[in-house]
file final01.cif (mmCIF, C-alpha atoms)
data_data
#
loop_
_atom_site.label_atom_id
_atom_site.label_comp_id
_atom_site.auth_asym_id
_atom_site.auth_seq_id
_atom_site.Cartn_x
_atom_site.Cartn_y
_atom_site.Cartn_z
CA MET A 1 -92.60 -249.79 -84.65
CA THR A 2 -94.40 -252.96 -85.79
CA ASP A 3 -93.53 -256.22 -84.03
CA ALA A 4 -92.21 -258.52 -86.77
CA ASN A 5 -93.11 -261.59 -84.68
CA VAL A 6 -96.78 -260.77 -84.23
CA GLY A 7 -98.92 -263.90 -84.40
CA LEU A 8 -96.00 -266.25 -83.85
CA PRO A 9 -95.38 -268.42 -80.78
CA ALA A 10 -93.25 -266.93 -78.01
CA THR A 11 -90.99 -269.97 -77.63
CA MET A 12 -89.54 -272.77 -79.76
CA ARG A 13 -87.69 -276.05 -79.46
CA ALA A 14 -83.98 -275.91 -80.22
CA TRP A 15 -80.77 -277.88 -79.73
CA VAL A 16 -77.84 -276.06 -78.14
CA VAL A 17 -74.18 -276.80 -77.50
CA PRO A 18 -73.77 -275.55 -73.92
CA ALA A 19 -70.15 -276.73 -73.66
CA PRO A 20 -67.74 -278.70 -75.86
CA GLY A 21 -68.77 -282.33 -76.13
CA ARG A 22 -72.45 -281.80 -75.27
CA ILE A 23 -75.67 -281.05 -77.12
CA GLU A 24 -79.10 -280.83 -75.50
CA GLN A 25 -82.64 -279.88 -76.47
CA VAL A 26 -84.06 -276.77 -74.78
CA GLU A 27 -86.85 -274.24 -75.13
CA LEU A 28 -85.80 -270.78 -76.32
CA PRO A 29 -87.60 -267.57 -77.23
CA VAL A 30 -88.43 -267.33 -80.92
CA PRO A 31 -85.74 -264.94 -82.25
CA ARG A 32 -86.70 -261.49 -83.49
CA PRO A 33 -85.20 -260.50 -86.82
CA ALA A 34 -82.93 -257.45 -86.85
CA ASP A 35 -83.84 -254.65 -89.23
CA ASP A 36 -82.01 -256.29 -92.16
CA GLU A 37 -82.99 -259.89 -91.34
CA LEU A 38 -85.66 -262.42 -92.21
CA LEU A 39 -87.26 -264.80 -89.73
CA VAL A 40 -87.55 -268.31 -91.15
CA ARG A 41 -89.66 -271.24 -89.97
CA VAL A 42 -87.30 -274.21 -90.43
CA ARG A 43 -88.57 -277.21 -92.41
CA ALA A 44 -85.30 -279.16 -92.72
CA CYS A 45 -81.68 -278.69 -91.69
CA GLY A 46 -78.65 -280.61 -92.87
CA VAL A 47 -76.25 -282.15 -90.36
CA CYS A 48 -72.78 -281.09 -91.43
CA ARG A 49 -69.39 -282.25 -90.17
CA THR A 50 -68.77 -278.64 -89.16
CA ASP A 51 -71.66 -279.00 -86.68
CA LEU A 52 -69.79 -281.97 -85.26
CA HIS A 53 -66.66 -279.82 -84.87
CA VAL A 54 -68.76 -277.17 -83.08
CA ARG A 55 -70.25 -279.78 -80.74
CA ASP A 56 -66.92 -281.40 -79.96
CA GLY A 57 -64.96 -278.17 -79.51
CA ASP A 58 -62.67 -278.78 -82.49
CA LEU A 59 -63.70 -275.26 -83.48
CA PRO A 60 -63.26 -272.80 -80.62
CA PRO A 61 -66.63 -271.54 -79.35
CA HIS A 62 -67.64 -268.15 -80.73
CA ARG A 63 -70.99 -268.12 -78.93
CA SER A 64 -71.97 -270.22 -75.96
CA PRO A 65 -74.46 -271.74 -75.78
CA VAL A 66 -75.07 -271.83 -79.52
CA VAL A 67 -77.71 -273.45 -81.72
CA PRO A 68 -75.76 -275.30 -84.45
CA GLY A 69 -76.87 -275.87 -88.03
CA HIS A 70 -76.18 -273.93 -91.23
CA GLU A 71 -77.99 -275.87 -93.96
CA ALA A 72 -81.52 -274.75 -93.11
CA VAL A 73 -84.43 -274.74 -95.53
CA GLY A 74 -87.60 -273.00 -94.48
CA GLU A 75 -90.22 -270.40 -95.25
CA VAL A 76 -90.11 -266.71 -94.50
CA VAL A 77 -92.58 -265.76 -91.77
CA ALA A 78 -91.45 -262.23 -90.80
CA ALA A 79 -88.96 -259.55 -91.79
CA GLY A 80 -87.14 -256.60 -90.27
CA SER A 81 -88.00 -253.07 -91.33
CA ARG A 82 -85.09 -252.81 -93.80
CA ALA A 83 -85.00 -256.41 -95.05
CA HIS A 84 -85.41 -256.70 -98.80
CA GLY A 85 -85.98 -260.03 -100.44
CA PRO A 86 -88.43 -262.93 -100.45
CA GLY A 87 -91.76 -262.30 -98.78
CA PRO A 88 -93.78 -264.41 -96.35
CA GLY A 89 -94.32 -268.01 -97.40
CA ILE A 90 -91.37 -268.12 -99.82
CA ARG A 91 -88.94 -271.02 -99.36
CA ILE A 92 -85.33 -269.92 -98.85
CA GLY A 93 -81.98 -271.33 -97.73
CA VAL A 94 -80.03 -270.24 -94.64
CA PRO A 95 -76.31 -270.93 -95.25
CA TRP A 96 -73.01 -270.99 -93.35
CA LEU A 97 -71.81 -267.50 -94.39
CA ARG A 98 -73.95 -265.08 -92.38
CA ARG A 99 -72.29 -261.67 -92.66
CA THR A 100 -69.21 -259.93 -93.99
CA CYS A 101 -68.09 -256.33 -93.50
CA GLY A 102 -68.24 -255.30 -97.17
CA ARG A 103 -65.41 -252.77 -96.62
CA CYS A 104 -62.15 -254.69 -96.11
CA ARG A 105 -59.70 -255.36 -98.94
CA TYR A 106 -60.93 -258.94 -99.29
CA CYS A 107 -64.59 -257.96 -99.64
CA LEU A 108 -63.72 -255.18 -102.09
CA ARG A 109 -61.82 -257.55 -104.38
CA GLY A 110 -64.48 -260.28 -104.41
CA GLN A 111 -62.98 -262.53 -101.73
CA GLU A 112 -65.56 -262.03 -99.00
CA ASN A 113 -64.91 -265.58 -97.80
CA LEU A 114 -61.62 -264.24 -96.39
CA CYS A 115 -63.20 -261.26 -94.60
CA PRO A 116 -61.63 -261.03 -91.11
CA PHE A 117 -64.96 -259.78 -89.72
CA SER A 118 -67.09 -262.56 -91.25
CA GLU A 119 -69.75 -264.30 -89.17
CA TYR A 120 -71.20 -267.78 -89.55
CA THR A 121 -74.58 -269.38 -88.89
CA GLY A 122 -74.46 -271.96 -86.13
CA TRP A 123 -71.13 -270.67 -84.80
CA ASP A 124 -71.33 -266.88 -84.35
CA ALA A 125 -75.14 -266.82 -84.33
CA ASP A 126 -77.84 -269.38 -83.58
CA GLY A 127 -78.52 -271.73 -86.48
CA GLY A 128 -81.01 -274.16 -87.91
CA TYR A 129 -81.28 -276.88 -85.25
CA ALA A 130 -84.38 -275.01 -84.13
CA GLU A 131 -87.94 -274.36 -85.17
CA TYR A 132 -87.08 -270.77 -86.20
CA VAL A 133 -83.88 -269.06 -87.34
CA THR A 134 -82.95 -265.57 -88.53
CA VAL A 135 -80.82 -264.76 -91.58
CA PRO A 136 -79.63 -261.44 -93.02
CA ALA A 137 -81.74 -261.02 -96.17
CA ALA A 138 -78.65 -260.28 -98.29
CA TYR A 139 -77.12 -263.65 -97.36
CA ALA A 140 -80.18 -265.88 -97.86
CA TYR A 141 -80.43 -267.98 -101.00
CA GLU A 142 -83.31 -268.43 -103.36
CA LEU A 143 -83.72 -272.15 -103.97
CA PRO A 144 -84.34 -274.14 -107.16
CA SER A 145 -87.71 -275.77 -107.63
CA GLY A 146 -88.21 -279.49 -108.12
CA TYR A 147 -86.42 -280.54 -104.92
CA ARG A 148 -87.85 -281.61 -101.59
CA ASP A 149 -86.77 -279.66 -98.49
CA GLU A 150 -84.49 -282.44 -97.25
CA GLU A 151 -82.81 -282.69 -100.68
CA LEU A 152 -82.07 -278.96 -100.73
CA ALA A 153 -80.60 -278.71 -97.23
CA PRO A 154 -77.25 -280.40 -98.06
CA LEU A 155 -76.78 -278.19 -101.11
CA LEU A 156 -76.48 -275.12 -98.88
CA CYS A 157 -73.09 -276.06 -97.46
CA ALA A 158 -71.98 -279.51 -98.62
CA GLY A 159 -72.84 -278.63 -102.19
CA ILE A 160 -71.49 -275.08 -102.18
CA ILE A 161 -68.23 -275.93 -100.42
CA GLY A 162 -67.73 -278.91 -102.73
CA HIS A 163 -68.25 -276.59 -105.71
CA ARG A 164 -65.57 -274.22 -104.42
CA ALA A 165 -63.20 -277.09 -103.58
CA LEU A 166 -63.58 -278.45 -107.12
CA ARG A 167 -62.78 -275.05 -108.59
CA ARG A 168 -59.74 -274.73 -106.31
CA ALA A 169 -58.48 -278.14 -107.49
CA ASP A 170 -57.91 -276.83 -111.05
CA LEU A 171 -59.12 -280.06 -112.63
CA PRO A 172 -58.46 -279.95 -116.39
CA PRO A 173 -61.29 -280.85 -118.79
CA GLY A 174 -61.75 -284.62 -118.83
CA GLY A 175 -59.19 -284.93 -116.02
CA ARG A 176 -58.67 -287.60 -113.39
CA LEU A 177 -59.98 -286.54 -109.97
CA GLY A 178 -59.36 -288.29 -106.67
CA ILE A 179 -61.87 -287.74 -103.85
CA TYR A 180 -60.70 -288.66 -100.34
CA GLY A 181 -63.62 -289.21 -97.97
CA PHE A 182 -67.11 -289.67 -99.36
CA GLY A 183 -69.70 -288.05 -97.12
CA GLY A 184 -72.21 -285.30 -97.75
CA SER A 185 -70.09 -282.83 -99.67
CA ALA A 186 -68.04 -285.39 -101.57
CA HIS A 187 -70.98 -287.34 -103.00
CA LEU A 188 -72.46 -284.12 -104.40
CA THR A 189 -69.13 -282.90 -105.79
CA ALA A 190 -68.49 -286.24 -107.49
CA GLN A 191 -71.72 -285.90 -109.43
CA VAL A 192 -70.81 -282.41 -110.62
CA ALA A 193 -67.33 -283.54 -111.69
CA ILE A 194 -68.66 -286.61 -113.53
CA ALA A 195 -71.27 -284.46 -115.29
CA GLN A 196 -68.42 -282.21 -116.44
CA GLY A 197 -66.61 -285.18 -117.97
CA ALA A 198 -64.11 -286.03 -115.23
CA VAL A 199 -62.93 -289.53 -114.36
CA VAL A 200 -63.51 -289.82 -110.61
CA HIS A 201 -61.69 -292.18 -108.25
CA VAL A 202 -63.07 -292.34 -104.70
CA LEU A 203 -60.91 -293.30 -101.71
CA THR A 204 -62.72 -293.78 -98.41
CA ARG A 205 -62.73 -296.18 -95.47
CA SER A 206 -66.50 -296.79 -95.54
CA PRO A 207 -67.68 -299.82 -97.58
CA ALA A 208 -71.17 -298.28 -97.87
CA ALA A 209 -69.70 -295.04 -99.18
CA ARG A 210 -67.61 -296.97 -101.73
CA ALA A 211 -70.76 -298.69 -102.97
CA LEU A 212 -72.55 -295.35 -103.23
CA ALA A 213 -69.63 -293.87 -105.18
CA LEU A 214 -69.81 -296.65 -107.76
CA ASP A 215 -73.59 -296.26 -108.03
CA LEU A 216 -73.09 -292.55 -108.77
CA GLY A 217 -70.65 -293.28 -111.58
CA ALA A 218 -67.18 -293.25 -110.02
CA ALA A 219 -64.57 -295.13 -112.07
CA SER A 220 -63.21 -296.81 -108.93
CA ALA A 221 -63.73 -296.85 -105.18
CA ASN A 222 -61.08 -298.08 -102.77
CA ASP A 223 -59.82 -297.62 -99.22
CA ALA A 224 -58.55 -294.16 -98.31
CA TYR A 225 -54.94 -295.32 -98.03
CA ASP A 226 -54.93 -297.29 -101.30
CA ARG A 227 -53.22 -295.94 -104.41
CA PRO A 228 -55.75 -294.99 -107.12
CA PRO A 229 -55.55 -297.05 -110.32
CA GLU A 230 -53.98 -294.18 -112.26
CA PRO A 231 -52.15 -290.92 -111.45
CA LEU A 232 -54.48 -288.03 -110.57
CA ASP A 233 -54.65 -284.62 -112.21
CA ALA A 234 -56.33 -283.25 -109.08
CA ALA A 235 -57.59 -284.41 -105.71
CA ILE A 236 -59.96 -283.11 -103.06
CA LEU A 237 -59.58 -284.08 -99.42
CA PHE A 238 -62.95 -284.03 -97.66
CA ALA A 239 -62.02 -286.27 -94.71
CA PRO A 240 -60.65 -284.17 -91.81
CA VAL A 241 -57.59 -286.44 -91.59
CA GLY A 242 -54.19 -284.77 -91.95
CA GLU A 243 -52.50 -288.14 -92.47
CA LEU A 244 -54.18 -288.32 -95.88
CA VAL A 245 -52.44 -285.19 -97.19
CA PRO A 246 -49.16 -286.97 -98.10
CA VAL A 247 -51.16 -289.97 -99.33
CA ALA A 248 -53.11 -287.77 -101.74
CA LEU A 249 -50.06 -285.77 -102.81
CA GLU A 250 -48.15 -288.94 -103.66
CA SER A 251 -51.03 -289.98 -105.94
CA LEU A 252 -50.93 -286.74 -107.96
CA ASP A 253 -49.40 -286.60 -111.39
CA ALA A 254 -46.93 -283.82 -112.22
CA GLY A 255 -48.60 -280.42 -112.00
CA GLY A 256 -51.53 -281.79 -109.99
CA THR A 257 -53.37 -279.89 -107.23
CA LEU A 258 -54.70 -281.10 -103.89
CA SER A 259 -57.63 -279.05 -102.58
CA ILE A 260 -58.38 -279.45 -98.86
CA ALA A 261 -62.07 -278.78 -98.36
CA GLY A 262 -62.60 -278.92 -94.59
CA ILE A 263 -62.72 -276.16 -92.00
CA TYR A 264 -60.84 -278.48 -89.61
CA LEU A 265 -57.98 -280.92 -90.22
CA THR A 266 -55.89 -283.03 -87.88
CA ASP A 267 -52.14 -282.46 -87.97
CA ILE A 268 -50.36 -283.09 -91.27
CA PRO A 269 -47.30 -285.37 -91.04
CA SER A 270 -43.99 -284.11 -92.38
CA LEU A 271 -43.74 -284.09 -96.16
CA ASP A 272 -40.91 -285.36 -98.31
CA TYR A 273 -40.23 -282.72 -100.94
CA GLU A 274 -39.38 -285.12 -103.78
CA ARG A 275 -42.17 -287.64 -103.09
CA HIS A 276 -44.96 -285.22 -102.29
CA LEU A 277 -44.34 -281.75 -103.76
CA PHE A 278 -41.71 -281.82 -106.50
CA ARG A 279 -42.78 -281.58 -110.16
CA GLU A 280 -45.04 -278.63 -109.36
CA ARG A 281 -47.63 -280.36 -107.23
CA THR A 282 -49.72 -277.85 -105.29
CA VAL A 283 -51.67 -277.83 -102.00
CA ARG A 284 -54.60 -275.43 -101.56
CA SER A 285 -57.00 -274.88 -98.71
CA VAL A 286 -60.64 -273.85 -98.97
CA THR A 287 -62.01 -271.17 -96.65
CA ALA A 288 -65.81 -270.91 -96.54
CA ASN A 289 -67.35 -269.55 -99.75
CA THR A 290 -68.56 -266.37 -101.35
CA ARG A 291 -72.21 -265.68 -102.06
CA GLU A 292 -71.34 -265.87 -105.74
CA ASP A 293 -70.14 -269.47 -105.20
CA GLY A 294 -73.53 -270.27 -103.72
CA ARG A 295 -75.49 -268.64 -106.51
CA GLU A 296 -73.38 -270.43 -109.15
CA PHE A 297 -73.85 -273.83 -107.56
CA LEU A 298 -77.60 -273.45 -106.96
CA ALA A 299 -78.04 -272.29 -110.57
CA ALA A 300 -76.24 -275.46 -111.68
CA ALA A 301 -78.52 -277.51 -109.40
CA ALA A 302 -81.54 -275.88 -111.05
CA GLU A 303 -80.22 -276.79 -114.51
CA HIS A 304 -78.84 -280.27 -113.78
CA ARG A 305 -80.61 -282.40 -111.21
CA ILE A 306 -78.22 -283.35 -108.40
CA SER A 307 -79.12 -286.43 -106.40
CA ALA A 308 -78.59 -285.89 -102.68
CA THR A 309 -78.46 -289.22 -100.85
CA VAL A 310 -80.26 -288.30 -97.64
CA THR A 311 -80.66 -290.09 -94.32
CA PRO A 312 -83.54 -288.29 -92.54
CA TYR A 313 -83.66 -287.90 -88.76
CA PRO A 314 -86.59 -286.50 -86.79
CA PHE A 315 -85.74 -283.18 -85.16
CA ASP A 316 -85.79 -284.81 -81.72
CA ARG A 317 -82.89 -287.09 -82.74
CA ALA A 318 -80.31 -284.43 -83.63
CA ASP A 319 -77.96 -285.86 -81.01
CA ALA A 320 -78.16 -289.31 -82.60
CA ALA A 321 -77.56 -287.83 -86.07
CA LEU A 322 -74.31 -286.22 -84.86
CA ASP A 323 -73.21 -289.44 -83.14
CA ASP A 324 -73.87 -291.43 -86.32
CA LEU A 325 -71.96 -288.89 -88.40
CA ALA A 326 -68.99 -289.12 -86.04
CA ALA A 327 -68.99 -292.91 -86.33
CA ASP A 328 -69.36 -292.91 -90.15
CA ARG A 329 -72.77 -294.55 -89.92
CA VAL A 330 -74.43 -292.02 -92.24
CA ASN A 331 -74.58 -292.84 -95.93
CA GLY A 332 -74.73 -289.57 -97.83
CA VAL A 333 -76.09 -286.72 -95.72
CA ALA A 334 -78.02 -286.67 -92.45
CA VAL A 335 -80.89 -284.19 -92.46
CA LEU A 336 -83.11 -283.13 -89.57
CA THR A 337 -86.76 -282.94 -90.57
CA MET A 338 -89.43 -280.90 -88.82
CA PRO A 339 -92.96 -282.22 -88.36
CA HIS A 340 -95.32 -280.25 -90.58
#
call {"tool": "encode", "arguments": {"input": "final01.cif", "output": "structure tokens"}}
result
Amino acid sequence: MTDANVGLPATMRAWVVPAPGRIEQVELPVPRPADDELLVRVRACGVCRTDLHVRDGDLPPHRSPVVPGHEAVGEVVAAGSRAHGPGPGIRIGVPWLRRTCGRCRYCLRGQENLCPFSEYTGWDADGGYAEYVTVPAAYAYELPSGYRDEELAPLLCAGIIGHRALRRADLPPGGRLGIYGFGGSAHLTAQVAIAQGAVVHVLTRSPAARALALDLGAASANDAYDRPPEPLDAAILFAPVGELVPVALESLDAGGTLSIAGIYLTDIPSLDYERHLFRERTVRSVTANTREDGREFLAAAAEHRISATVTPYPFDRADAALDDLAADRVNGVAVLTMPH
């Protein structure tokens, strides 16, 4: 059997979460791809709020210690014996969804995001806060040209999840969309919605994020607890703040839908049926994404240029990037960059 890692270094730098609340840089063996996997040399990796939930223990540990990161862009350097897909030197994306069983009722009816046996990069398996990462070839994404590595990284989760959240919101053509929270995913989703003809109202506590929203074409930008200037046909909650659920519901017009995009949410206060739900207002959650969601969104990104507002951080400052994200000091998306 041929060693897939021949010619590569034996060890690499990586960041790990050894216990909830901590992240530290260590040296690890360069991973060996399984038979159906690709080995990728990481060039950039987005810093997602889900990584923050992994670090802080908001998500229960599935692997400990674990290398976080699931928005990795890099080049293929090796492959397992049964891995089909891009060859060495090709730039690919390593996303959140890592594996599904392919046999359960959800997978068989096209809802692999609900697979009870699903696995996730940076939670169930080591992710992209490292110099090398593995990815099952069937779950890697081909990436559109014309984008720099650090621009592509946020598209792999923030963009894809925002795309699914927008679809789940059932926004009518030319409708009025409220976006609560305006970080990485929200600022990409707003651009897609505006390009599709929506009127977008942004509600967020960050003055810098409100300014960015207006620069990107939002019709208004106000504090998260303010009432938007007109009733909303749909809303998406990106901020992981349960207190905003009744706020958003009360801003919906009759028949409107609230889509909750996050993997984690603080407790939702009690709802008043007449104020928040009556007149056929709907609440929907978003659970991960399917590979088809990812392919659809990246095809749209290839056709219509999406501007990712990126704050780059050197790889050695991953801890600072997470701290800044937690404190809302990041405008747009934080991205770890590797020295070439």
call {"tool": "axis_aligned_box", "arguments": {"input": "final01.cif", "around": "stretch 11-14 of chain A", "padding_each_side": "4 Å", "output": "AutoDock Vina command-line options"}}
result
--center_x -87.5 --center_y -273.0 --center_z -78.9 --size_x 15.0 --size_y 14.1 --size_z 10.6
call {"tool": "closest_residue", "arguments": {"input": "final01.cif", "among": "A:Gly183, A:Gly178, A:Gly85, A:Gly255", "to": "A:Asp226", "atoms": "all atoms listed in the file"}}
result
A:Gly178
call {"tool": "residues_near_point", "arguments": {"input": "final01.cif", "point": "(-82.1, -271.5, -86.5)", "cutoff": "9 Å", "atoms": "only C-alpha atoms", "output": "PyMOL selection string"}}
result
chain A and resi 14+31+40-42+45+67-70+72+94+121-122+125-135
call {"tool": "residues_around", "arguments": {"input": "final01.cif", "residues": "A:Val202", "least_positions_apart": "4", "cutoff": "9 Å", "atoms": "only C-alpha atoms", "output": "PyMOL selection string"}}
result
chain A and resi 177-182+190+210+213-214+218-224+228
call {"tool": "closest_residue", "arguments": {"input": "final01.cif", "among": "A:Ala321, A:Ala301, A:Val199, A:Ala140", "to": "A:Glu71", "atoms": "only C-alpha atoms"}}
result
A:Ala140
call {"tool": "residues_around", "arguments": {"input": "final01.cif", "residues": "A:Glu292", "least_positions_apart": "4", "cutoff": "10 Å", "atoms": "all atoms listed in the file", "output": "list in words"}}
result
Gly110, Gln111, Glu112, Ile160, Glu296, Phe297 and Leu298 of chain A
call {"tool": "residues_around", "arguments": {"input": "final01.cif", "residues": "A:Pro240", "least_positions_apart": "3", "cutoff": "8 Å", "atoms": "all atoms listed in the file", "output": "PyMOL selection string"}}
result
chain A and resi 237+262+264-266
call {"tool": "closest_residue", "arguments": {"input": "final01.cif", "among": "A:Arg32, A:His62, A:Arg148, A:Arg55", "to": "A:Gly74", "atoms": "all atoms listed in the file"}}
result
A:Arg148
call {"tool": "atom_distance", "arguments": {"input": "final01.cif", "atom1": "atom CA of A:Glu119", "atom2": "atom CA of A:Trp96"}}
result
8.5 Å
call {"tool": "atom_distance", "arguments": {"input": "final01.cif", "atom1": "atom CA of A:Leu97", "atom2": "atom CA of A:Ala137"}}
result
12.0 Å
call {"tool": "closest_residue", "arguments": {"input": "final01.cif", "among": "A:Arg49, A:Arg98, A:His304, A:Arg227", "to": "A:Asp324", "atoms": "all atoms listed in the file"}}
result
A:Arg49
call {"tool": "closest_residue", "arguments": {"input": "final01.cif", "among": "A:Gly242, A:Pro136, A:Gly217, A:Pro207", "to": "A:Ile92", "atoms": "only C-alpha atoms"}}
result
A:Pro136
call {"tool": "resolve_selection", "arguments": {"input": "final01.cif", "expression": "the PyMOL selection byres ((chain A and resi 46) around 9)", "output": "ChimeraX atom specification"}}
result
/A:44-45,47-48,69-73,128-129,150,152-158,333-337
call {"tool": "write_last_selection", "arguments": {"input": "final01.cif", "atoms": "C-alpha atoms", "output": "CSV table (one decimal), keeping the file's coordinate frame"}}
result
chain,number,residue,atom,x,y,z
A,44,ALA,CA,-85.3,-279.2,-92.7
A,45,CYS,CA,-81.7,-278.7,-91.7
A,47,VAL,CA,-76.2,-282.2,-90.4
A,48,CYS,CA,-72.8,-281.1,-91.4
A,69,GLY,CA,-76.9,-275.9,-88.0
A,70,HIS,CA,-76.2,-273.9,-91.2
A,71,GLU,CA,-78.0,-275.9,-94.0
A,72,ALA,CA,-81.5,-274.8,-93.1
A,73,VAL,CA,-84.4,-274.7,-95.5
A,128,GLY,CA,-81.0,-274.2,-87.9
A,129,TYR,CA,-81.3,-276.9,-85.2
A,150,GLU,CA,-84.5,-282.4,-97.2
A,152,LEU,CA,-82.1,-279.0,-100.7
A,153,ALA,CA,-80.6,-278.7,-97.2
A,154,PRO,CA,-77.2,-280.4,-98.1
A,155,LEU,CA,-76.8,-278.2,-101.1
A,156,LEU,CA,-76.5,-275.1,-98.9
A,157,CYS,CA,-73.1,-276.1,-97.5
A,158,ALA,CA,-72.0,-279.5,-98.6
A,333,VAL,CA,-76.1,-286.7,-95.7
A,334,ALA,CA,-78.0,-286.7,-92.4
A,335,VAL,CA,-80.9,-284.2,-92.5
A,336,LEU,CA,-83.1,-283.1,-89.6
A,337,THR,CA,-86.8,-282.9,-90.6
call {"tool": "residues_near_point", "arguments": {"input": "final01.cif", "point": "(-63.5, -285.8, -113.1)", "cutoff": "6 Å", "atoms": "only C-alpha atoms", "output": "list of chain:residue names"}}
result
A:Gly175, A:Arg176, A:Leu177, A:Ala193, A:Ile194, A:Gly197, A:Ala198, A:Val199, A:Val200
call {"tool": "closest_residue", "arguments": {"input": "final01.cif", "among": "A:Arg205, A:Ile306, A:Ile161, A:Val30", "to": "A:Ala327", "atoms": "all atoms listed in the file"}}
result
A:Arg205
call {"tool": "resolve_selection", "arguments": {"input": "final01.cif", "expression": "the PyMOL selection byres ((chain A and resi 270-274) around 12)", "output": "list in words"}}
result
Gly242, Glu243, Leu244, Val245, Pro246, Val247, Ala248, Leu249, Glu250, Ala254, Asp267, Ile268, Pro269, Arg275, His276, Leu277, Phe278, Arg279, Glu280, Arg281, Thr282 and Val283 of chain A
call {"tool": "atom_distance", "arguments": {"input": "final01.cif", "atom1": "atom CA of A:Arg168", "atom2": "atom CA of A:Glu230"}}
result
21.1 Å
call {"tool": "resolve_selection", "arguments": {"input": "final01.cif", "expression": "the PyMOL selection byres ((chain A and resi 142) around 9)", "output": "PyMOL selection string"}}
result
chain A and resi 86+90-93+140-141+143-144+295+298
call {"tool": "decode", "arguments": {"input": "final01.cif", "residues": "stretch 7-29 of chain A", "atoms": "C-alpha atoms", "output": "PDB file, in the first residue's frame"}}
result
ATOM      1  CA  GLY A   7       7.058  13.726   0.890  1.00  0.00           C
ATOM      2  CA  LEU A   8       5.025  15.691   3.414  1.00  0.00           C
ATOM      3  CA  PRO A   9       6.190  16.866   6.849  1.00  0.00           C
ATOM      4  CA  ALA A  10       5.521  14.562   9.787  1.00  0.00           C
ATOM      5  CA  THR A  11       4.046  17.256  12.035  1.00  0.00           C
ATOM      6  CA  MET A  12       2.048  20.478  11.735  1.00  0.00           C
ATOM      7  CA  ARG A  13       0.916  23.448  13.775  1.00  0.00           C
ATOM      8  CA  ALA A  14      -2.697  23.364  14.926  1.00  0.00           C
ATOM      9  CA  TRP A  15      -5.048  24.966  17.435  1.00  0.00           C
ATOM     10  CA  VAL A  16      -7.019  22.643  19.706  1.00  0.00           C
ATOM     11  CA  VAL A  17      -9.812  22.999  22.239  1.00  0.00           C
ATOM     12  CA  PRO A  18      -8.572  20.762  25.067  1.00  0.00           C
ATOM     13  CA  ALA A  19     -11.473  21.658  27.381  1.00  0.00           C
ATOM     14  CA  PRO A  20     -14.430  24.061  27.267  1.00  0.00           C
ATOM     15  CA  GLY A  21     -13.295  27.664  27.511  1.00  0.00           C
ATOM     16  CA  ARG A  22      -9.736  27.074  26.272  1.00  0.00           C
ATOM     17  CA  ILE A  23      -7.900  27.032  22.963  1.00  0.00           C
ATOM     18  CA  GLU A  24      -4.160  26.520  22.555  1.00  0.00           C
ATOM     19  CA  GLN A  25      -1.650  26.037  19.761  1.00  0.00           C
ATOM     20  CA  VAL A  26       0.085  22.643  19.625  1.00  0.00           C
ATOM     21  CA  GLU A  27       2.089  20.453  17.281  1.00  0.00           C
ATOM     22  CA  LEU A  28       0.246  17.423  15.890  1.00  0.00           C
ATOM     23  CA  PRO A  29       1.047  14.696  13.381  1.00  0.00           C
TER      24      PRO A  29
END
